>>> print(open('work_9.pdb').read())   # PDB, C-alpha atoms and all ligand atoms
MODEL        1
ATOM      1  CA  MET A  11      19.762 -18.273  40.806  1.00  0.00           C
ATOM      2  CA  LYS A  12      18.918 -19.550  37.360  1.00  0.00           C
ATOM      3  CA  LEU A  13      16.636 -18.011  34.771  1.00  0.00           C
ATOM      4  CA  TYR A  14      15.225 -20.549  32.326  1.00  0.00           C
ATOM      5  CA  ILE A  15      14.438 -18.968  29.007  1.00  0.00           C
ATOM      6  CA  GLY A  16      13.451 -20.004  25.481  1.00  0.00           C
ATOM      7  CA  ASN A  17      15.041 -19.008  22.177  1.00  0.00           C
ATOM      8  CA  LYS A  18      16.201 -15.413  22.523  1.00  0.00           C
ATOM      9  CA  ASN A  19      15.110 -14.669  18.980  1.00  0.00           C
ATOM     10  CA  TYR A  20      11.488 -15.584  19.627  1.00  0.00           C
ATOM     11  CA  SER A  21      10.760 -15.637  23.340  1.00  0.00           C
ATOM     12  CA  SER A  22       9.325 -12.249  24.207  1.00  0.00           C
ATOM     13  CA  TRP A  23       8.401 -13.251  27.768  1.00  0.00           C
ATOM     14  CA  SER A  24      11.900 -14.561  28.426  1.00  0.00           C
ATOM     15  CA  MET A  25      13.308 -11.305  27.105  1.00  0.00           C
ATOM     16  CA  ARG A  26      11.414  -9.265  29.697  1.00  0.00           C
ATOM     17  CA  SER A  27      12.882 -11.112  32.681  1.00  0.00           C
ATOM     18  CA  GLY A  28      16.347 -11.478  31.152  1.00  0.00           C
ATOM     19  CA  VAL A  29      16.567  -7.783  30.257  1.00  0.00           C
ATOM     20  CA  LEU A  30      15.287  -6.732  33.670  1.00  0.00           C
ATOM     21  CA  LEU A  31      17.920  -8.737  35.566  1.00  0.00           C
ATOM     22  CA  ALA A  32      20.697  -7.624  33.223  1.00  0.00           C
ATOM     23  CA  ALA A  33      19.651  -3.966  33.296  1.00  0.00           C
ATOM     24  CA  PHE A  34      20.025  -3.880  37.070  1.00  0.00           C
ATOM     25  CA  GLY A  35      23.205  -5.963  37.127  1.00  0.00           C
ATOM     26  CA  ILE A  36      21.613  -8.701  39.223  1.00  0.00           C
ATOM     27  CA  PRO A  37      23.700 -11.870  38.885  1.00  0.00           C
ATOM     28  CA  PHE A  38      21.980 -14.942  37.475  1.00  0.00           C
ATOM     29  CA  GLU A  39      22.761 -17.976  35.408  1.00  0.00           C
ATOM     30  CA  GLU A  40      20.886 -18.182  32.136  1.00  0.00           C
ATOM     31  CA  VAL A  41      19.632 -21.602  31.067  1.00  0.00           C
ATOM     32  CA  LYS A  42      18.316 -21.688  27.540  1.00  0.00           C
ATOM     33  CA  LEU A  43      15.848 -24.361  26.549  1.00  0.00           C
ATOM     34  CA  ARG A  44      15.369 -24.493  22.818  1.00  0.00           C
ATOM     35  CA  PHE A  45      11.713 -24.432  21.790  1.00  0.00           C
ATOM     36  CA  ASP A  46      11.123 -28.022  20.823  1.00  0.00           C
ATOM     37  CA  PHE A  47       7.938 -29.544  22.133  1.00  0.00           C
ATOM     38  CA  THR A  48       8.566 -33.054  20.794  1.00  0.00           C
ATOM     39  CA  PRO A  49       8.420 -35.824  23.418  1.00  0.00           C
ATOM     40  CA  ASP A  50      12.176 -36.561  23.591  1.00  0.00           C
ATOM     41  CA  SER A  51      13.501 -33.001  23.529  1.00  0.00           C
ATOM     42  CA  GLU A  52      15.493 -31.234  26.243  1.00  0.00           C
ATOM     43  CA  TRP A  53      12.574 -28.810  26.590  1.00  0.00           C
ATOM     44  CA  THR A  54      10.109 -31.600  27.316  1.00  0.00           C
ATOM     45  CA  ARG A  55      12.521 -33.341  29.693  1.00  0.00           C
ATOM     46  CA  VAL A  56      13.388 -30.240  31.726  1.00  0.00           C
ATOM     47  CA  ILE A  57      10.378 -27.916  31.659  1.00  0.00           C
ATOM     48  CA  ALA A  58       7.874 -30.160  33.452  1.00  0.00           C
ATOM     49  CA  GLY A  59      10.299 -30.502  36.379  1.00  0.00           C
ATOM     50  CA  ILE A  60      10.559 -26.769  36.991  1.00  0.00           C
ATOM     51  CA  THR A  61       7.142 -25.246  36.303  1.00  0.00           C
ATOM     52  CA  PRO A  62       3.552 -26.473  36.236  1.00  0.00           C
ATOM     53  CA  THR A  63       2.797 -24.067  33.375  1.00  0.00           C
ATOM     54  CA  LYS A  64       5.473 -25.593  31.106  1.00  0.00           C
ATOM     55  CA  ARG A  65       6.324 -22.091  29.954  1.00  0.00           C
ATOM     56  CA  VAL A  66       9.298 -19.795  30.221  1.00  0.00           C
ATOM     57  CA  PRO A  67      10.601 -17.686  31.853  1.00  0.00           C
ATOM     58  CA  VAL A  68      11.086 -19.508  35.136  1.00  0.00           C
ATOM     59  CA  LEU A  69      13.313 -18.322  37.961  1.00  0.00           C
ATOM     60  CA  VAL A  70      14.874 -21.060  40.077  1.00  0.00           C
ATOM     61  CA  GLU A  71      16.626 -20.133  43.318  1.00  0.00           C
ATOM     62  CA  ASP A  72      19.694 -22.048  44.489  1.00  0.00           C
ATOM     63  CA  ASP A  73      17.530 -23.828  47.092  1.00  0.00           C
ATOM     64  CA  GLY A  74      15.173 -25.002  44.348  1.00  0.00           C
ATOM     65  CA  PHE A  75      12.404 -22.462  44.999  1.00  0.00           C
ATOM     66  CA  THR A  76      10.778 -21.551  41.700  1.00  0.00           C
ATOM     67  CA  VAL A  77       8.879 -18.521  40.472  1.00  0.00           C
ATOM     68  CA  TRP A  78       7.068 -18.635  37.154  1.00  0.00           C
ATOM     69  CA  ASP A  79       5.232 -16.067  35.076  1.00  0.00           C
ATOM     70  CA  THR A  80       6.891 -12.795  34.138  1.00  0.00           C
ATOM     71  CA  LEU A  81       4.822 -10.586  36.423  1.00  0.00           C
ATOM     72  CA  ALA A  82       5.504 -12.778  39.453  1.00  0.00           C
ATOM     73  CA  ILE A  83       9.207 -12.922  38.573  1.00  0.00           C
ATOM     74  CA  THR A  84       9.284  -9.131  38.285  1.00  0.00           C
ATOM     75  CA  GLU A  85       7.666  -8.702  41.699  1.00  0.00           C
ATOM     76  CA  TYR A  86       9.983 -11.299  43.235  1.00  0.00           C
ATOM     77  CA  ILE A  87      13.065  -9.553  41.872  1.00  0.00           C
ATOM     78  CA  ALA A  88      11.741  -6.230  43.213  1.00  0.00           C
ATOM     79  CA  ASP A  89      11.099  -7.773  46.658  1.00  0.00           C
ATOM     80  CA  ARG A  90      14.531  -9.383  46.735  1.00  0.00           C
ATOM     81  CA  HIS A  91      16.363  -6.274  45.559  1.00  0.00           C
ATOM     82  CA  PRO A  92      14.907  -3.234  47.315  1.00  0.00           C
ATOM     83  CA  GLU A  93      18.245  -1.488  46.695  1.00  0.00           C
ATOM     84  CA  HIS A  94      17.206  -1.207  43.042  1.00  0.00           C
ATOM     85  CA  ALA A  95      14.292   0.869  41.749  1.00  0.00           C
ATOM     86  CA  ILE A  96      12.862  -2.066  39.813  1.00  0.00           C
ATOM     87  CA  TRP A  97       9.569  -0.226  40.091  1.00  0.00           C
ATOM     88  CA  PRO A  98       9.615   3.600  40.202  1.00  0.00           C
ATOM     89  CA  ARG A  99      10.127   4.929  43.755  1.00  0.00           C
ATOM     90  CA  ASP A 100       7.246   7.401  43.542  1.00  0.00           C
ATOM     91  CA  VAL A 101       4.027   5.706  44.657  1.00  0.00           C
ATOM     92  CA  LYS A 102       1.842   7.016  41.822  1.00  0.00           C
ATOM     93  CA  ALA A 103       4.476   6.361  39.165  1.00  0.00           C
ATOM     94  CA  ARG A 104       4.839   2.857  40.615  1.00  0.00           C
ATOM     95  CA  ALA A 105       1.090   2.247  40.375  1.00  0.00           C
ATOM     96  CA  ARG A 106       1.081   3.511  36.807  1.00  0.00           C
ATOM     97  CA  ALA A 107       4.056   1.320  35.888  1.00  0.00           C
ATOM     98  CA  ARG A 108       2.217  -1.685  37.288  1.00  0.00           C
ATOM     99  CA  SER A 109      -0.919  -0.726  35.347  1.00  0.00           C
ATOM    100  CA  LEU A 110       1.066  -0.624  32.121  1.00  0.00           C
ATOM    101  CA  CYS A 111       2.752  -3.969  32.822  1.00  0.00           C
ATOM    102  CA  ALA A 112      -0.599  -5.569  33.648  1.00  0.00           C
ATOM    103  CA  GLU A 113      -2.075  -4.096  30.480  1.00  0.00           C
ATOM    104  CA  MET A 114       0.830  -5.502  28.474  1.00  0.00           C
ATOM    105  CA  HIS A 115       0.559  -8.839  30.223  1.00  0.00           C
ATOM    106  CA  ALA A 116      -3.099  -9.306  29.389  1.00  0.00           C
ATOM    107  CA  GLY A 117      -3.557  -7.136  26.324  1.00  0.00           C
ATOM    108  CA  PHE A 118      -2.296  -6.011  22.943  1.00  0.00           C
ATOM    109  CA  MET A 119      -3.377  -9.424  21.709  1.00  0.00           C
ATOM    110  CA  ARG A 120      -3.616  -8.496  18.066  1.00  0.00           C
ATOM    111  CA  LEU A 121      -0.148  -6.972  17.994  1.00  0.00           C
ATOM    112  CA  ARG A 122       1.243 -10.029  19.768  1.00  0.00           C
ATOM    113  CA  THR A 123      -0.528 -12.437  17.438  1.00  0.00           C
ATOM    114  CA  VAL A 124       0.072 -10.935  14.025  1.00  0.00           C
ATOM    115  CA  CYS A 125       3.498  -9.419  14.733  1.00  0.00           C
ATOM    116  CA  PRO A 126       5.298 -12.154  16.686  1.00  0.00           C
ATOM    117  CA  MET A 127       8.765 -11.342  17.984  1.00  0.00           C
ATOM    118  CA  ASN A 128      11.453 -12.443  15.561  1.00  0.00           C
ATOM    119  CA  ILE A 129      14.489 -10.315  16.292  1.00  0.00           C
ATOM    120  CA  GLU A 130      16.693 -11.367  13.415  1.00  0.00           C
ATOM    121  CA  VAL A 131      14.334 -10.396  10.577  1.00  0.00           C
ATOM    122  CA  PHE A 132      12.811  -7.175   9.271  1.00  0.00           C
ATOM    123  CA  PHE A 133       9.341  -7.495   7.740  1.00  0.00           C
ATOM    124  CA  PRO A 134       8.456  -3.948   6.583  1.00  0.00           C
ATOM    125  CA  ASP A 135       6.306  -5.232   3.693  1.00  0.00           C
ATOM    126  CA  VAL A 136       4.321  -7.538   5.957  1.00  0.00           C
ATOM    127  CA  GLY A 137       4.012  -4.702   8.474  1.00  0.00           C
ATOM    128  CA  ALA A 138       2.743  -2.263   5.829  1.00  0.00           C
ATOM    129  CA  LYS A 139       0.145  -4.775   4.612  1.00  0.00           C
ATOM    130  CA  LEU A 140      -1.013  -5.557   8.127  1.00  0.00           C
ATOM    131  CA  TRP A 141      -1.193  -1.862   8.925  1.00  0.00           C
ATOM    132  CA  ALA A 142      -3.353  -1.168   5.872  1.00  0.00           C
ATOM    133  CA  GLU A 143      -5.695  -4.107   6.434  1.00  0.00           C
ATOM    134  CA  ASP A 144      -5.919  -4.697  10.161  1.00  0.00           C
ATOM    135  CA  GLU A 145      -7.983  -2.218  12.120  1.00  0.00           C
ATOM    136  CA  VAL A 146      -7.552  -4.103  15.397  1.00  0.00           C
ATOM    137  CA  LEU A 147      -3.759  -4.013  15.038  1.00  0.00           C
ATOM    138  CA  ARG A 148      -3.911  -0.261  14.434  1.00  0.00           C
ATOM    139  CA  ALA A 149      -6.041   0.156  17.555  1.00  0.00           C
ATOM    140  CA  ASP A 150      -3.492  -1.823  19.615  1.00  0.00           C
ATOM    141  CA  VAL A 151      -0.608   0.314  18.365  1.00  0.00           C
ATOM    142  CA  GLU A 152      -2.571   3.518  18.883  1.00  0.00           C
ATOM    143  CA  ARG A 153      -3.292   2.524  22.489  1.00  0.00           C
ATOM    144  CA  LEU A 154       0.349   1.599  22.996  1.00  0.00           C
ATOM    145  CA  ASP A 155       1.464   4.931  21.575  1.00  0.00           C
ATOM    146  CA  ALA A 156      -0.945   6.819  23.849  1.00  0.00           C
ATOM    147  CA  ALA A 157       0.198   4.871  26.927  1.00  0.00           C
ATOM    148  CA  TRP A 158       3.877   5.448  26.183  1.00  0.00           C
ATOM    149  CA  SER A 159       3.399   9.121  25.250  1.00  0.00           C
ATOM    150  CA  ASP A 160       1.415   9.806  28.414  1.00  0.00           C
ATOM    151  CA  ALA A 161       4.030   8.204  30.680  1.00  0.00           C
ATOM    152  CA  LEU A 162       6.907   9.940  28.869  1.00  0.00           C
ATOM    153  CA  LYS A 163       5.146  13.299  29.137  1.00  0.00           C
ATOM    154  CA  GLY A 164       4.773  12.813  32.877  1.00  0.00           C
ATOM    155  CA  SER A 165       8.360  11.689  33.469  1.00  0.00           C
ATOM    156  CA  GLY A 166      10.268  13.634  30.842  1.00  0.00           C
ATOM    157  CA  GLY A 167      11.886  10.338  29.687  1.00  0.00           C
ATOM    158  CA  PRO A 168      14.118   8.942  28.402  1.00  0.00           C
ATOM    159  CA  PHE A 169      12.359   5.848  29.788  1.00  0.00           C
ATOM    160  CA  LEU A 170       8.690   5.588  30.670  1.00  0.00           C
ATOM    161  CA  PHE A 171       9.154   6.686  34.265  1.00  0.00           C
ATOM    162  CA  GLY A 172      12.478   8.478  33.847  1.00  0.00           C
ATOM    163  CA  GLU A 173      15.052   5.877  34.834  1.00  0.00           C
ATOM    164  CA  PHE A 174      14.862   2.383  33.337  1.00  0.00           C
ATOM    165  CA  SER A 175      12.324   0.274  35.285  1.00  0.00           C
ATOM    166  CA  ALA A 176      10.350  -2.949  35.016  1.00  0.00           C
ATOM    167  CA  ALA A 177       7.883  -1.182  32.733  1.00  0.00           C
ATOM    168  CA  ASP A 178      10.621  -0.655  30.151  1.00  0.00           C
ATOM    169  CA  ALA A 179      11.729  -4.287  30.360  1.00  0.00           C
ATOM    170  CA  TYR A 180       8.105  -5.195  29.741  1.00  0.00           C
ATOM    171  CA  PHE A 181       7.963  -3.162  26.547  1.00  0.00           C
ATOM    172  CA  ALA A 182      11.368  -4.171  25.143  1.00  0.00           C
ATOM    173  CA  PRO A 183       9.868  -6.956  22.965  1.00  0.00           C
ATOM    174  CA  VAL A 184       7.240  -4.495  21.727  1.00  0.00           C
ATOM    175  CA  ALA A 185       9.969  -2.089  20.631  1.00  0.00           C
ATOM    176  CA  VAL A 186      11.440  -4.985  18.643  1.00  0.00           C
ATOM    177  CA  ARG A 187       8.087  -5.764  17.037  1.00  0.00           C
ATOM    178  CA  LEU A 188       7.488  -2.121  16.064  1.00  0.00           C
ATOM    179  CA  SER A 189      10.930  -1.861  14.525  1.00  0.00           C
ATOM    180  CA  ARG A 190      10.924  -5.237  12.744  1.00  0.00           C
ATOM    181  CA  PHE A 191       7.461  -4.740  11.254  1.00  0.00           C
ATOM    182  CA  GLY A 192       8.020  -0.999  10.649  1.00  0.00           C
ATOM    183  CA  LEU A 193       4.769  -0.026  12.352  1.00  0.00           C
ATOM    184  CA  PRO A 194       4.180   3.733  12.455  1.00  0.00           C
ATOM    185  CA  VAL A 195       4.149   5.544  15.809  1.00  0.00           C
ATOM    186  CA  SER A 196       4.328   9.153  16.982  1.00  0.00           C
ATOM    187  CA  GLU A 197       7.650  10.954  17.328  1.00  0.00           C
ATOM    188  CA  ALA A 198       7.626  10.578  21.132  1.00  0.00           C
ATOM    189  CA  ALA A 199       6.949   6.847  20.900  1.00  0.00           C
ATOM    190  CA  ALA A 200       9.566   6.388  18.176  1.00  0.00           C
ATOM    191  CA  THR A 201      12.201   8.161  20.264  1.00  0.00           C
ATOM    192  CA  TYR A 202      11.342   5.943  23.220  1.00  0.00           C
ATOM    193  CA  ARG A 203      11.364   2.800  21.029  1.00  0.00           C
ATOM    194  CA  ASP A 204      14.872   3.712  19.879  1.00  0.00           C
ATOM    195  CA  SER A 205      16.088   4.486  23.429  1.00  0.00           C
ATOM    196  CA  LEU A 206      14.791   1.119  24.519  1.00  0.00           C
ATOM    197  CA  LEU A 207      16.488  -0.703  21.635  1.00  0.00           C
ATOM    198  CA  ALA A 208      19.732   1.118  22.470  1.00  0.00           C
ATOM    199  CA  HIS A 209      19.686   0.195  26.168  1.00  0.00           C
ATOM    200  CA  PRO A 210      22.748  -2.017  26.833  1.00  0.00           C
ATOM    201  CA  ALA A 211      20.676  -4.858  28.320  1.00  0.00           C
ATOM    202  CA  VAL A 212      18.382  -4.853  25.281  1.00  0.00           C
ATOM    203  CA  GLU A 213      21.297  -4.559  22.866  1.00  0.00           C
ATOM    204  CA  ASP A 214      22.999  -7.533  24.529  1.00  0.00           C
ATOM    205  CA  TRP A 215      19.853  -9.629  24.258  1.00  0.00           C
ATOM    206  CA  ILE A 216      19.443  -8.702  20.585  1.00  0.00           C
ATOM    207  CA  ALA A 217      23.109  -9.471  19.828  1.00  0.00           C
ATOM    208  CA  ALA A 218      22.811 -12.884  21.523  1.00  0.00           C
ATOM    209  CA  SER A 219      19.608 -13.650  19.613  1.00  0.00           C
ATOM    210  CA  MET A 220      21.409 -12.932  16.334  1.00  0.00           C
ATOM    211  CA  ARG A 221      24.041 -15.491  17.251  1.00  0.00           C
ATOM    212  CA  GLU A 222      21.448 -18.234  17.781  1.00  0.00           C
ATOM    213  CA  LYS A 223      20.882 -18.888  14.099  1.00  0.00           C
ATOM    214  CA  ASP A 224      17.974 -21.177  14.828  1.00  0.00           C
ATOM    215  CA  PHE A 225      14.692 -21.666  13.000  1.00  0.00           C
ATOM    216  CA  ILE A 226      11.531 -22.794  14.748  1.00  0.00           C
ATOM    217  CA  VAL A 227       8.775 -23.435  12.228  1.00  0.00           C
ATOM    218  CA  GLU A 228       5.956 -22.729  14.710  1.00  0.00           C
ATOM    219  CA  ASP A 229       7.349 -19.244  15.350  1.00  0.00           C
ATOM    220  CA  GLU A 230       7.778 -18.365  11.696  1.00  0.00           C
ATOM    221  CA  PRO A 231       4.482 -17.297  10.115  1.00  0.00           C
ATOM    222  CA  TYR A 232       6.264 -15.162   7.515  1.00  0.00           C
ATOM    223  CA  ARG A 233       9.249 -17.338   6.516  1.00  0.00           C
ATOM    224  CA  LYS A 234       9.664 -20.821   5.145  1.00  0.00           C
ATOM    225  CA  ASN A 235      13.379 -21.076   6.010  1.00  0.00           C
ATOM    226  CA  ARG A 236      16.286 -18.918   7.169  1.00  0.00           C
TER     227      ARG A 236
HETATM  228  N1  LIG B   1       2.116 -15.385  31.084  1.00  0.00           N
HETATM  229  C1  LIG B   1       3.353 -16.110  30.884  1.00  0.00           C
HETATM  230  C2  LIG B   1       3.525 -16.415  29.431  1.00  0.00           C
HETATM  231  C3  LIG B   1       4.750 -17.265  29.169  1.00  0.00           C
HETATM  232  C4  LIG B   1       4.807 -17.820  27.771  1.00  0.00           C
HETATM  233  O1  LIG B   1       3.771 -17.913  27.071  1.00  0.00           O
HETATM  234  N2  LIG B   1       6.007 -18.196  27.338  1.00  0.00           N
HETATM  235  C5  LIG B   1       6.198 -18.830  26.043  1.00  0.00           C
HETATM  236  C6  LIG B   1       7.499 -18.359  25.435  1.00  0.00           C
HETATM  237  S1  LIG B   1       7.543 -16.639  25.059  1.00  0.00           S
HETATM  238  C7  LIG B   1       6.314 -20.328  26.218  1.00  0.00           C
HETATM  239  O2  LIG B   1       6.934 -20.779  27.142  1.00  0.00           O
HETATM  240  N3  LIG B   1       5.716 -21.101  25.314  1.00  0.00           N
HETATM  241  C8  LIG B   1       5.799 -22.503  25.379  1.00  0.00           C
HETATM  242  C9  LIG B   1       4.516 -23.184  25.049  1.00  0.00           C
HETATM  243  O3  LIG B   1       3.606 -22.497  24.573  1.00  0.00           O
HETATM  244  O4  LIG B   1       4.417 -24.391  25.269  1.00  0.00           O
HETATM  245  C10 LIG B   1       4.512 -15.275  31.438  1.00  0.00           C
HETATM  246  O5  LIG B   1       4.331 -14.075  31.584  1.00  0.00           O
HETATM  247  O6  LIG B   1       5.573 -15.810  31.771  1.00  0.00           O
ENDMDL
END
>>> encode(input="work_9.pdb", output="structure tokens")
Amino acid sequence: MKLYIGNKNYSSWSMRSGVLLAAFGIPFEEVKLRFDFTPDSEWTRVIAGITPTKRVPVLVEDDGFTVWDTLAITEYIADRHPEHAIWPRDVKARARARSLCAEMHAGFMRLRTVCPMNIEVFFPDVGAKLWAEDEVLRADVERLDAAWSDALKGSGGPFLFGEFSAADAYFAPVAVRLSRFGLPVSEAAATYRDSLLAHPAVEDWIAASMREKDFIVEDEPYRKNR
């Protein structure tokens, strides 16, 4: 199967699906479509043919069957690979992992908006300013910290539900945002953030994003050039 993704440096949703597949060693072919929404671009030519949403990630099976949207892709991978604990095996832990993914999927809007994923750059000054001025951002991070700390307390770590699961893939881009913008979190959340960033599948994604050396103006609120 193929996983269509955007720029690794910027595409947080692509990262979730890519990291999940890699973390469980599930074979797939990665097809990167550079973010370029101009009429003649590869993105414009290819994306409309594979998903009605015109967004990545998109999973395309060898027979042409497509699954779009990160949550649906996650569930599809879990259905297709029951040999892997994509979701935690314990029924309550599984429900909680799904709650956290759904919360991530629909929430943390301020954090996602003002601290966009940009793996190759560190913005501690921007992060400090945002932290001082933006109450809604602080509330998002506080909720995130509480959610992580609660799950880690229940499981004992090192990942949210013990072993690496879909919930951790879901929060990998958030770990990047916290580290790049230097946003303060509790000791438990910081330890988890660092474990997540050190996971081989996350490290591989980060290393590949550093090799992209691309610059997409629309994704760069805090830089004028590379
Ligand atoms: N809810 C969707 C969101 C996907 C999404 O917004 N992807 C971004 C890249 S991270 C995208 O494709 N943007 C292209 C556009 O906005 O046209 C999912 O979970 O897959």
>>> resolve_selection(input="work_9.pdb", expression="the PyMOL selection byres (((not hetatm)) within 8 of (chain B and resi 1))", output="list in words")
Ile15, Gly16, Tyr20, Ser21, Ser22, Trp23, Ser24, Phe45, Phe47, Lys64, Arg65, Val66, Pro67, Val68, Trp78, Asp79, Thr80, Leu81 and His115 of chain A
>>> resolve_selection(input="work_9.pdb", expression="the PyMOL selection byres (((chain A and resi 148) around 12) and not hetatm)", output="list in words")
Phe118, Met119, Arg120, Leu121, Val124, Cys125, Gly137, Ala138, Lys139, Leu140, Trp141, Ala142, Glu143, Asp144, Glu145, Val146, Leu147, Ala149, Asp150, Val151, Glu152, Arg153, Leu154, Asp155, Leu188, Leu193, Pro194 and Val195 of chain A
>>> atom_distance(input="work_9.pdb", atom1="atom CA of A:Tyr202", atom2="atom CA of A:Pro92")
26.0 Å
>>> residues_around(input="work_9.pdb", residues="stretch 181-184 of chain A", least_positions_apart="2", cutoff="8 Å", atoms="only C-alpha atoms", output="list in words")
Ser22, Met25, Arg26, Met114, Met127, Ala177, Asp178, Ala179, Val186, Arg187, Leu188, Leu206, Leu207 and Val212 of chain A
>>> closest_residue(input="work_9.pdb", among="A:Tyr14, A:Pro134, A:Ala33, A:Glu197", to="A:Ile57", atoms="all atoms listed in the file")
A:Tyr14
>>> resolve_selection(input="work_9.pdb", expression="the PyMOL selection byres (((chain A and resi 229) around 9) and not hetatm)", output="NGL selection string")
:A and (20 or 126-128 or 225-228 or 230-232)
>>> closest_residue(input="work_9.pdb", among="A:Ser196, A:Asn19, A:Ser159, A:Thr123", to="A:Asp214", atoms="only C-alpha atoms")
A:Asn19
>>> axis_aligned_box(input="work_9.pdb", around="stretch 129-133 of chain A", padding_each_side="4 Å", output="JSON")
{"center_x": 13.0, "center_y": -9.3, "center_z": 12.0, "size_x": 15.4, "size_y": 12.2, "size_z": 16.6}
>>> closest_residue(input="work_9.pdb", among="A:Glu113, A:Arg90, A:Asn17, A:Phe75", to="A:Asp46", atoms="all atoms listed in the file")
A:Asn17
>>> residues_around(input="work_9.pdb", residues="A:Ala112", least_positions_apart="4", cutoff="10 Å", atoms="only C-alpha atoms", output="VMD selection string")
chain A and resid 81 106 to 108 116 to 117 177 180
>>> residues_near_point(input="work_9.pdb", point="(22.6, -14.5, 19.6)", cutoff="12 Å", atoms="all atoms listed in the file", output="list in words")
Asn17, Lys18, Asn19, Tyr20, Lys42, Ile129, Glu130, Val212, Glu213, Asp214, Trp215, Ile216, Ala217, Ala218, Ser219, Met220, Arg221, Glu222, Lys223 and Asp224 of chain A
>>> atom_distance(input="work_9.pdb", atom1="atom CA of A:Val56", atom2="atom CA of A:Leu43")
8.2 Å
>>> atom_distance(input="work_9.pdb", atom1="atom CA of A:Pro62", atom2="atom CA of A:Gly28")
20.4 Å
>>> closest_residue(input="work_9.pdb", among="A:Ala82, A:Glu93, A:Gly74, A:Pro49", to="A:Met11", atoms="all atoms listed in the file")
A:Gly74
>>> decode(input="work_9.pdb", residues="stretch 171-209 of chain A", atoms="C-alpha atoms", output="PDB file, in the first residue's frame")
ATOM      1  CA  PHE A 171      -0.419   3.453  27.679  1.00  0.00           C
ATOM      2  CA  GLY A 172       2.853   1.658  28.394  1.00  0.00           C
ATOM      3  CA  GLU A 173       3.926   0.328  25.011  1.00  0.00           C
ATOM      4  CA  PHE A 174       3.944   2.651  21.997  1.00  0.00           C
ATOM      5  CA  SER A 175       0.414   2.892  20.524  1.00  0.00           C
ATOM      6  CA  ALA A 176      -1.646   5.001  18.144  1.00  0.00           C
ATOM      7  CA  ALA A 177      -2.075   7.586  20.893  1.00  0.00           C
ATOM      8  CA  ASP A 178       1.672   8.221  20.907  1.00  0.00           C
ATOM      9  CA  ALA A 179       1.785   8.543  17.120  1.00  0.00           C
ATOM     10  CA  TYR A 180      -0.997  11.088  17.476  1.00  0.00           C
ATOM     11  CA  PHE A 181       1.018  13.208  19.885  1.00  0.00           C
ATOM     12  CA  ALA A 182       4.377  12.985  18.080  1.00  0.00           C
ATOM     13  CA  PRO A 183       3.832  16.309  16.235  1.00  0.00           C
ATOM     14  CA  VAL A 184       2.828  17.913  19.539  1.00  0.00           C
ATOM     15  CA  ALA A 185       6.100  16.792  21.111  1.00  0.00           C
ATOM     16  CA  VAL A 186       7.853  18.536  18.215  1.00  0.00           C
ATOM     17  CA  ARG A 187       5.857  21.724  18.749  1.00  0.00           C
ATOM     18  CA  LEU A 188       6.580  21.778  22.497  1.00  0.00           C
ATOM     19  CA  SER A 189      10.277  21.286  21.894  1.00  0.00           C
ATOM     20  CA  ARG A 190      10.623  23.720  18.974  1.00  0.00           C
ATOM     21  CA  PHE A 191       8.711  26.502  20.725  1.00  0.00           C
ATOM     22  CA  GLY A 192      10.194  25.658  24.155  1.00  0.00           C
ATOM     23  CA  LEU A 193       6.790  25.569  25.835  1.00  0.00           C
ATOM     24  CA  PRO A 194       6.952  24.699  29.538  1.00  0.00           C
ATOM     25  CA  VAL A 195       5.422  21.434  30.774  1.00  0.00           C
ATOM     26  CA  SER A 196       5.594  19.349  33.945  1.00  0.00           C
ATOM     27  CA  GLU A 197       8.446  16.922  34.561  1.00  0.00           C
ATOM     28  CA  ALA A 198       6.269  13.909  33.674  1.00  0.00           C
ATOM     29  CA  ALA A 199       5.151  15.496  30.409  1.00  0.00           C
ATOM     30  CA  ALA A 200       8.694  16.590  29.554  1.00  0.00           C
ATOM     31  CA  THR A 201      10.024  13.073  30.108  1.00  0.00           C
ATOM     32  CA  TYR A 202       7.290  11.693  27.869  1.00  0.00           C
ATOM     33  CA  ARG A 203       7.927  14.384  25.219  1.00  0.00           C
ATOM     34  CA  ASP A 204      11.586  13.353  25.153  1.00  0.00           C
ATOM     35  CA  SER A 205      10.772   9.611  25.000  1.00  0.00           C
ATOM     36  CA  LEU A 206       8.492  10.311  22.082  1.00  0.00           C
ATOM     37  CA  LEU A 207      11.120  12.377  20.251  1.00  0.00           C
ATOM     38  CA  ALA A 208      13.643   9.580  20.840  1.00  0.00           C
ATOM     39  CA  HIS A 209      11.404   6.819  19.462  1.00  0.00           C
TER      40      HIS A 209
END
